[in-house]
>>> print(open('protein.txt').read())   # compact mmCIF, C-alpha atoms
# COMPACT_ATOMS: atom_id res chain seq x y z
CA MET A 1 75.86 -10.06 -100.25
CA ALA A 2 72.08 -9.67 -100.05
CA ALA A 3 71.60 -13.27 -98.95
CA GLY A 4 74.01 -12.77 -96.06
CA LYS A 5 72.29 -9.58 -94.96
CA SER A 6 68.82 -11.09 -95.23
CA GLU A 7 69.86 -14.15 -93.25
CA ARG A 8 71.50 -11.95 -90.62
CA LEU A 9 68.35 -9.83 -90.22
CA LEU A 10 66.21 -12.96 -90.01
CA ASN A 11 68.51 -14.51 -87.40
CA LEU A 12 68.49 -11.33 -85.32
CA LEU A 13 64.71 -11.02 -85.47
CA ILE A 14 64.16 -14.64 -84.47
CA MET A 15 66.80 -14.55 -81.74
CA LEU A 16 65.25 -11.51 -80.07
CA LEU A 17 61.71 -12.78 -80.60
CA VAL A 18 62.19 -16.23 -79.07
CA GLN A 19 64.25 -15.05 -76.08
CA ARG A 20 62.53 -15.39 -72.73
CA HIS A 21 64.74 -12.63 -71.26
CA TYR A 22 66.87 -9.73 -72.44
CA VAL A 23 69.95 -10.80 -74.35
CA SER A 24 73.19 -8.84 -74.09
CA LYS A 25 74.95 -7.21 -77.01
CA GLU A 26 78.00 -9.39 -76.39
CA ARG A 27 75.86 -12.53 -76.57
CA ILE A 28 74.33 -11.31 -79.83
CA ARG A 29 77.77 -10.70 -81.28
CA GLU A 30 79.03 -14.09 -80.12
CA ILE A 31 76.18 -15.97 -81.82
CA LEU A 32 75.21 -13.90 -84.86
CA TYR A 33 78.31 -11.83 -85.71
CA PRO A 34 81.18 -14.10 -84.63
CA ASP A 35 83.62 -13.11 -87.39
CA SER A 36 83.21 -9.34 -87.13
CA THR A 37 85.59 -6.92 -85.46
CA PRO A 38 84.21 -4.81 -82.57
CA ASP A 39 83.86 -1.74 -84.80
CA ALA A 40 82.27 -3.69 -87.64
CA PHE A 41 79.85 -5.37 -85.23
CA GLU A 42 78.73 -2.04 -83.76
CA LYS A 43 78.00 -0.65 -87.22
CA MET A 44 76.20 -3.76 -88.48
CA PHE A 45 74.20 -4.22 -85.29
CA GLU A 46 73.00 -0.61 -85.24
CA ARG A 47 72.14 -0.78 -88.94
CA ASP A 48 70.29 -4.09 -88.54
CA LYS A 49 68.30 -2.79 -85.55
CA ASP A 50 67.29 0.32 -87.48
CA GLU A 51 66.21 -1.75 -90.47
CA LEU A 52 64.04 -4.07 -88.38
CA ARG A 53 62.50 -1.12 -86.56
CA SER A 54 61.72 0.51 -89.91
CA LEU A 55 59.67 -2.59 -90.72
CA GLY A 56 57.63 -2.15 -87.54
CA VAL A 57 59.56 -4.59 -85.32
CA PRO A 58 59.48 -3.26 -81.71
CA ILE A 59 62.98 -4.01 -80.39
CA GLU A 60 62.93 -3.35 -76.65
CA VAL A 61 66.00 -2.22 -74.69
CA GLY A 62 66.24 -2.95 -70.96
CA GLN A 63 68.61 -3.79 -68.13
CA MET A 64 69.91 -7.33 -67.87
CA ASP A 65 69.80 -7.15 -64.06
CA ALA A 66 67.08 -5.27 -62.21
CA PHE A 67 69.42 -4.53 -59.29
CA PHE A 68 72.52 -3.43 -61.20
CA ASP A 69 72.91 -0.74 -63.81
CA ASP A 70 74.99 -2.85 -66.17
CA GLU A 71 74.96 -3.12 -69.95
CA PRO A 72 71.56 -3.06 -71.65
CA GLY A 73 69.93 -6.07 -73.19
CA TYR A 74 67.59 -6.50 -76.16
CA ARG A 75 64.45 -8.46 -76.90
CA ILE A 76 61.20 -8.44 -78.89
CA ARG A 77 58.11 -9.13 -76.81
CA PRO A 78 55.72 -11.34 -78.79
CA ASP A 79 52.67 -9.69 -77.22
CA GLU A 80 53.81 -6.25 -78.38
CA PHE A 81 54.83 -7.56 -81.77
CA ALA A 82 51.30 -8.87 -82.33
CA LEU A 83 49.43 -5.73 -81.25
CA PRO A 84 47.26 -4.11 -83.95
CA GLU A 85 48.84 -0.67 -83.53
CA ILE A 86 52.14 -2.05 -84.78
CA SER A 87 50.37 -2.46 -88.14
CA LEU A 88 52.01 -5.80 -88.81
CA THR A 89 49.81 -6.74 -91.74
CA ALA A 90 50.06 -10.01 -93.58
CA ASP A 91 51.97 -8.29 -96.36
CA GLU A 92 54.54 -6.82 -93.97
CA ALA A 93 54.92 -10.18 -92.30
CA ALA A 94 55.61 -11.65 -95.69
CA VAL A 95 58.34 -9.10 -96.37
CA ILE A 96 59.99 -9.76 -93.05
CA GLY A 97 59.75 -13.52 -93.56
CA LEU A 98 59.01 -14.34 -89.96
CA ALA A 99 58.54 -18.07 -90.01
CA THR A 100 57.74 -21.13 -92.02
CA LYS A 101 54.09 -20.80 -91.09
CA VAL A 102 53.98 -17.38 -92.71
CA TRP A 103 55.85 -18.36 -95.87
CA GLN A 104 55.12 -21.19 -98.26
CA HIS A 105 58.28 -20.22 -100.10
CA ALA A 106 61.09 -22.75 -100.03
CA ARG A 107 64.07 -20.42 -99.60
CA LEU A 108 62.67 -18.31 -96.76
CA ALA A 109 61.07 -21.26 -95.00
CA GLU A 110 64.42 -23.06 -95.12
CA ALA A 111 66.20 -19.97 -93.82
CA THR A 112 63.83 -19.69 -90.86
CA THR A 113 64.21 -23.36 -89.96
CA GLU A 114 68.00 -23.05 -90.22
CA ALA A 115 68.03 -19.92 -88.03
CA VAL A 116 66.11 -21.65 -85.25
CA ARG A 117 68.30 -24.74 -85.55
CA LYS A 118 71.49 -22.67 -85.21
CA LEU A 119 70.21 -20.82 -82.17
CA ALA A 120 69.16 -24.03 -80.45
CA ALA A 121 72.51 -25.69 -81.25
CA LEU A 122 74.33 -22.75 -79.66
CA GLY A 123 72.45 -23.20 -76.42
CA VAL A 124 70.02 -20.30 -76.83
CA ASP A 125 66.87 -20.85 -74.75
CA VAL A 126 64.23 -20.39 -77.45
CA ASP A 127 60.47 -20.09 -77.12
CA LEU A 128 59.13 -21.31 -80.46
CA THR A 129 55.55 -20.40 -79.55
CA ALA A 130 56.57 -16.79 -80.17
CA LEU A 131 56.64 -17.59 -83.88
CA ASP A 132 52.90 -18.32 -83.83
CA ILE A 133 51.94 -14.64 -83.46
CA VAL A 134 51.48 -14.28 -87.20
CA GLU A 135 49.14 -16.73 -88.84
CA PRO A 136 48.68 -15.97 -92.55
CA ARG A 137 49.91 -18.45 -95.12
CA LEU A 138 51.19 -16.51 -98.12
CA SER A 139 52.62 -18.04 -101.24
CA ALA A 140 55.32 -16.37 -103.31
CA ASP A 141 55.74 -18.92 -106.06
CA GLU A 142 56.09 -16.58 -109.06
CA PRO A 143 59.35 -17.60 -110.77
CA SER A 144 60.59 -14.00 -110.85
CA PHE A 145 59.97 -13.29 -107.15
CA ASP A 146 63.51 -14.14 -106.01
CA VAL A 147 65.17 -12.02 -108.68
CA PHE A 148 63.22 -8.87 -107.82
CA TRP A 149 63.49 -9.44 -104.07
CA GLU A 150 67.26 -9.90 -104.25
CA ALA A 151 67.65 -6.96 -106.67
CA THR A 152 65.84 -4.74 -104.19
CA GLN A 153 68.28 -5.69 -101.44
CA GLU A 154 71.30 -5.19 -103.69
CA ARG A 155 69.90 -2.19 -105.62
CA VAL A 156 70.64 -3.79 -108.98
CA PRO A 157 68.55 -3.01 -112.11
CA VAL A 158 66.45 -5.80 -113.62
CA VAL A 159 65.60 -6.54 -117.25
CA PHE A 160 62.50 -8.61 -118.01
CA ASP A 161 59.83 -9.31 -120.60
CA TYR A 162 56.31 -8.28 -119.67
CA VAL A 163 52.75 -8.51 -121.03
CA ARG A 164 50.29 -5.85 -119.94
CA SER A 165 46.71 -6.71 -118.98
CA GLY A 166 44.52 -7.04 -122.05
CA ASP A 167 47.54 -7.07 -124.37
CA THR A 168 49.33 -9.87 -126.22
CA GLU A 169 52.55 -8.12 -127.15
CA VAL A 170 55.62 -8.95 -125.09
CA ARG A 171 57.75 -5.90 -124.27
CA THR A 172 61.18 -5.75 -122.65
CA ARG A 173 61.26 -3.54 -119.57
CA HIS A 174 64.16 -2.06 -117.59
CA LEU A 175 63.48 -1.39 -113.91
CA GLN A 176 65.32 -0.17 -110.84
CA PRO A 177 63.32 -2.12 -108.20
CA TRP A 178 62.38 -0.36 -104.98
CA GLY A 179 60.59 -3.32 -103.43
CA VAL A 180 57.99 -6.04 -103.78
CA ALA A 181 54.52 -5.78 -102.28
CA ARG A 182 51.39 -7.88 -102.09
CA TYR A 183 48.17 -6.10 -102.94
CA SER A 184 44.71 -7.60 -103.43
CA GLY A 185 46.12 -11.13 -103.46
CA ARG A 186 48.78 -10.42 -106.10
CA TRP A 187 52.52 -9.75 -105.94
CA TYR A 188 53.87 -6.57 -107.55
CA VAL A 189 57.31 -5.06 -107.99
CA VAL A 190 57.55 -1.30 -107.61
CA GLY A 191 60.38 0.77 -108.99
CA PHE A 192 61.72 3.30 -111.48
CA ASP A 193 61.18 2.43 -115.15
CA THR A 194 64.30 3.77 -116.90
CA ASP A 195 62.69 3.53 -120.34
CA ARG A 196 59.79 5.77 -119.35
CA GLN A 197 61.68 7.75 -116.69
CA ALA A 198 58.87 7.32 -114.18
CA GLU A 199 57.81 5.15 -111.26
CA ARG A 200 55.95 2.05 -112.36
CA ILE A 201 54.42 -1.12 -110.94
CA PHE A 202 54.48 -4.56 -112.54
CA ARG A 203 52.52 -7.66 -111.60
CA LEU A 204 54.94 -10.55 -111.15
CA SER A 205 52.58 -13.11 -112.66
CA ARG A 206 52.75 -11.17 -115.96
CA VAL A 207 56.53 -11.36 -116.21
CA GLN A 208 57.45 -13.59 -119.13
CA GLY A 209 60.43 -15.91 -119.01
CA LYS A 210 63.37 -15.21 -116.75
CA ALA A 211 63.99 -11.79 -115.19
CA THR A 212 67.70 -10.92 -115.11
CA LYS A 213 69.72 -8.67 -112.84
CA ARG A 214 71.89 -6.42 -114.96
CA GLY A 215 74.25 -3.90 -113.45
CA GLN A 216 76.38 -3.26 -110.40
CA PRO A 217 75.14 -3.49 -106.78
CA GLY A 218 74.29 -0.11 -105.34
CA SER A 219 73.97 1.45 -108.80
CA TYR A 220 70.88 3.46 -107.87
CA GLU A 221 69.21 4.92 -104.79
CA ILE A 222 65.68 4.31 -103.58
CA PRO A 223 63.97 7.70 -103.01
CA PRO A 224 63.98 8.54 -99.28
CA GLY A 225 60.68 7.88 -97.56
CA THR A 226 59.44 5.52 -100.28
CA ASP A 227 56.52 3.41 -99.04
CA VAL A 228 56.38 0.49 -101.45
CA SER A 229 53.00 -0.71 -100.19
CA GLN A 230 51.54 2.78 -100.64
CA VAL A 231 52.90 3.05 -104.17
CA ALA A 232 51.43 -0.37 -104.99
CA ARG A 233 48.01 0.68 -103.70
CA ARG A 234 48.18 3.91 -105.69
CA LEU A 235 49.31 2.43 -109.01
CA ALA A 236 47.72 -1.02 -109.02
CA PRO A 237 44.29 -1.54 -110.61
CA GLU A 238 41.40 -1.05 -108.22
CA PRO A 239 40.48 -4.52 -106.87
CA SER A 240 36.97 -5.87 -107.12
CA THR A 241 35.51 -7.21 -103.88
CA GLU A 242 32.65 -9.42 -102.82
CA ARG A 243 30.91 -10.37 -99.61
CA VAL A 244 32.57 -13.35 -97.93
CA VAL A 245 31.14 -15.18 -94.92
CA LEU A 246 33.38 -17.56 -93.01
CA LEU A 247 33.02 -19.73 -89.94
CA VAL A 248 36.27 -19.54 -87.96
CA ARG A 249 37.19 -21.69 -85.00
CA LYS A 250 37.65 -19.74 -81.75
CA GLY A 251 41.27 -18.69 -81.29
CA ALA A 252 42.17 -19.12 -84.98
CA GLY A 253 42.22 -16.92 -88.06
CA HIS A 254 43.61 -13.78 -86.43
CA THR A 255 44.47 -12.11 -89.73
CA LEU A 256 40.98 -12.79 -91.08
CA ARG A 257 39.48 -11.36 -87.90
CA ARG A 258 41.47 -8.14 -88.25
CA GLY A 259 39.97 -7.55 -91.69
CA ALA A 260 36.41 -8.54 -90.80
CA ASP A 261 33.59 -6.00 -90.93
CA VAL A 262 31.38 -8.12 -88.66
CA VAL A 263 32.29 -10.79 -86.10
CA GLU A 264 29.41 -12.83 -84.68
CA GLU A 265 30.63 -14.93 -81.76
CA GLY A 266 29.42 -18.28 -80.53
CA VAL A 267 27.58 -19.53 -83.63
CA PRO A 268 26.94 -23.18 -84.60
CA GLY A 269 29.82 -24.61 -86.59
CA PRO A 270 30.78 -27.69 -88.60
CA ASP A 271 31.39 -29.60 -85.38
CA THR A 272 29.99 -29.37 -81.86
CA GLU A 273 33.34 -29.92 -80.11
CA SER A 274 34.60 -26.38 -80.79
CA SER A 275 33.34 -22.84 -80.45
CA TRP A 276 32.92 -20.96 -83.73
CA ASP A 277 32.57 -17.34 -84.84
CA ARG A 278 31.06 -16.02 -88.04
CA LEU A 279 33.13 -13.41 -89.93
CA VAL A 280 31.76 -11.17 -92.65
CA LEU A 281 34.37 -9.56 -94.91
CA GLU A 282 34.61 -7.62 -98.17
CA ARG A 283 37.43 -9.34 -100.02
CA GLY A 284 38.80 -9.81 -103.48
CA SER A 285 38.64 -13.35 -104.82
CA VAL A 286 42.29 -13.53 -105.94
CA GLY A 287 44.25 -15.77 -103.62
CA LEU A 288 41.41 -16.12 -101.12
CA ALA A 289 41.00 -19.86 -101.68
CA ASP A 290 44.72 -20.36 -100.93
CA GLU A 291 44.43 -18.29 -97.77
CA VAL A 292 41.38 -20.21 -96.54
CA LEU A 293 43.02 -23.55 -97.30
CA GLY A 294 46.06 -22.44 -95.31
CA TYR A 295 43.97 -22.46 -92.12
CA GLY A 296 42.98 -26.10 -92.63
CA ALA A 297 39.99 -27.26 -90.59
CA ASP A 298 39.81 -23.98 -88.65
CA VAL A 299 37.94 -22.10 -91.40
CA TYR A 300 34.73 -23.06 -93.20
CA VAL A 301 33.29 -21.09 -96.14
CA GLU A 302 29.58 -20.24 -96.00
CA GLU A 303 29.52 -17.66 -98.81
CA PRO A 304 30.03 -17.19 -101.70
CA THR A 305 29.19 -20.55 -103.22
CA LEU A 306 31.91 -20.29 -105.88
CA LEU A 307 34.60 -19.85 -103.24
CA ARG A 308 33.30 -22.79 -101.22
CA GLU A 309 33.24 -24.98 -104.34
CA ARG A 310 36.79 -23.94 -105.20
CA VAL A 311 38.04 -24.81 -101.70
CA VAL A 312 36.17 -28.13 -101.62
CA GLY A 313 37.45 -29.00 -105.10
CA ARG A 314 41.05 -28.37 -104.06
CA LEU A 315 40.60 -30.52 -100.96
CA ARG A 316 39.13 -33.37 -103.00
CA GLU A 317 42.02 -33.17 -105.44
CA ALA A 318 44.48 -33.39 -102.56
CA VAL A 319 42.68 -36.41 -101.09
CA ALA A 320 42.60 -38.11 -104.49
CA ARG A 321 46.34 -37.56 -104.98
CA GLU A 322 47.07 -38.95 -101.53
CA ASP A 323 44.86 -42.00 -102.17
CA GLY A 324 46.73 -42.57 -105.42
CA ARG A 325 50.10 -42.49 -103.66
CA VAL A 326 48.87 -44.89 -100.99
CA ARG A 327 47.57 -47.36 -103.60
CA SER A 328 50.82 -47.14 -105.54
CA ALA A 329 52.81 -47.87 -102.39
CA GLN A 330 50.64 -50.90 -101.60
CA GLU A 331 50.86 -52.48 -105.04
CA PRO A 332 53.29 -55.39 -105.29
CA ALA A 333 56.55 -54.65 -107.04
>>> encode(input="protein.txt", output="structure tokens")
Amino acid sequence: MAAGKSERLLNLLIMLLVQRHYVSKERIREILYPDSTPDAFEKMFERDKDELRSLGVPIEVGQMDAFFDDEPGYRIRPDEFALPEISLTADEAAVIGLATKVWQHARLAEATTEAVRKLAALGVDVDLTALDIVEPRLSADEPSFDVFWEATQERVPVVFDYVRSGDTEVRTRHLQPWGVARYSGRWYVVGFDTDRQAERIFRLSRVQGKATKRGQPGSYEIPPGTDVSQVARRLAPEPSTERVVLLVRKGAGHTLRRGADVVEEGVPGPDTESSWDRLVLERGSVGLADEVLGYGADVYVEEPTLLRERVVGRLREAVAREDGRVRSAQEPA
């Protein structure tokens, strides 16, 4: 089942990431693959390692004991995982589903919390600060996201109704999904359109109604070497960008800093208790307000005015809703 495989990959990634030392293969089997036979474990473990590595996860192999040449151990060093040359972009982090901080998506956030809980309950010495290496807050709240994501894992065709940009006619589409990708603040599914016999990309927010998996698992193959993110960039409409100027608290906003064209350090900020940097970026407006709001009080918008007004308006709405709940709770029954 795709859910079982996804949970297993997530558990393995988190276990190796939060370990303070190398963990043995036997320990990994005992905790994460307890019901598997030795042969089945070897196959699944090798396959899971290869899949994580294909996503850019640097699984390190080393000796458990520096003085004895015994069995190797495994770990993921957080400092190496966070290095720029690993190319762990916000989109890739979203696909991997690292942690609740990365995802504002109920199913994956719940899975991450459950994985950490299980490891702690089994006596694994975990370092939860390792999960802070990725800081973006990405939402994946399109109703069809789960269907396409699961269909990609299972390799099951999907049938859905879709409205193209600038059109009003709803058309039924048949797709063999290769993967989902985030590009210019929007989620897309990439795959092979069996009606048109060609690769196509569809924006998830334009899917109408309920997408449905239709077919048998493993009924098609994803072309070898397919880079879903690259296909999305090639087929998606060219995004429009604008100049964005942000004040970011020192030590925060790492993903924003990676995409900044200019970083001016030590500038005056909204408060005098912290050190602030000014970031200048060229960004599309789609989803930017959500991203800025995800950093809370660590990011302040200087330009453009429309973005600042959108962020401030959302904050005021949140405060008003909270005030309303507090007043309702205080009213006599």
>>> residues_around(input="protein.txt", residues="Glu26 of chain A", least_positions_apart="5", cutoff="12 Å", atoms="all atoms listed in the file", output="NGL selection string")
:A and (31-34 or 36 or 38 or 41-42 or 45 or 64 or 71-74)
>>> closest_residue(input="protein.txt", among="A:Ala232, A:Val262, A:Val23, A:Val57", to="Leu10 of chain A", atoms="all atoms listed in the file")
A:Val57
>>> residues_near_point(input="protein.txt", point="(52.6, -4.2, -113.7)", cutoff="7 Å", atoms="only C-alpha atoms", output="list in words")
Arg164, Tyr188, Ile201, Phe202 and Arg203 of chain A
>>> closest_residue(input="protein.txt", among="A:Gly324, A:Gly218, A:Gly209, A:Gly294", to="Val163 of chain A", atoms="only C-alpha atoms")
A:Gly209
>>> atom_distance(input="protein.txt", atom1="atom CA of Val263 of chain A", atom2="atom CA of Arg308 of chain A")
19.3 Å
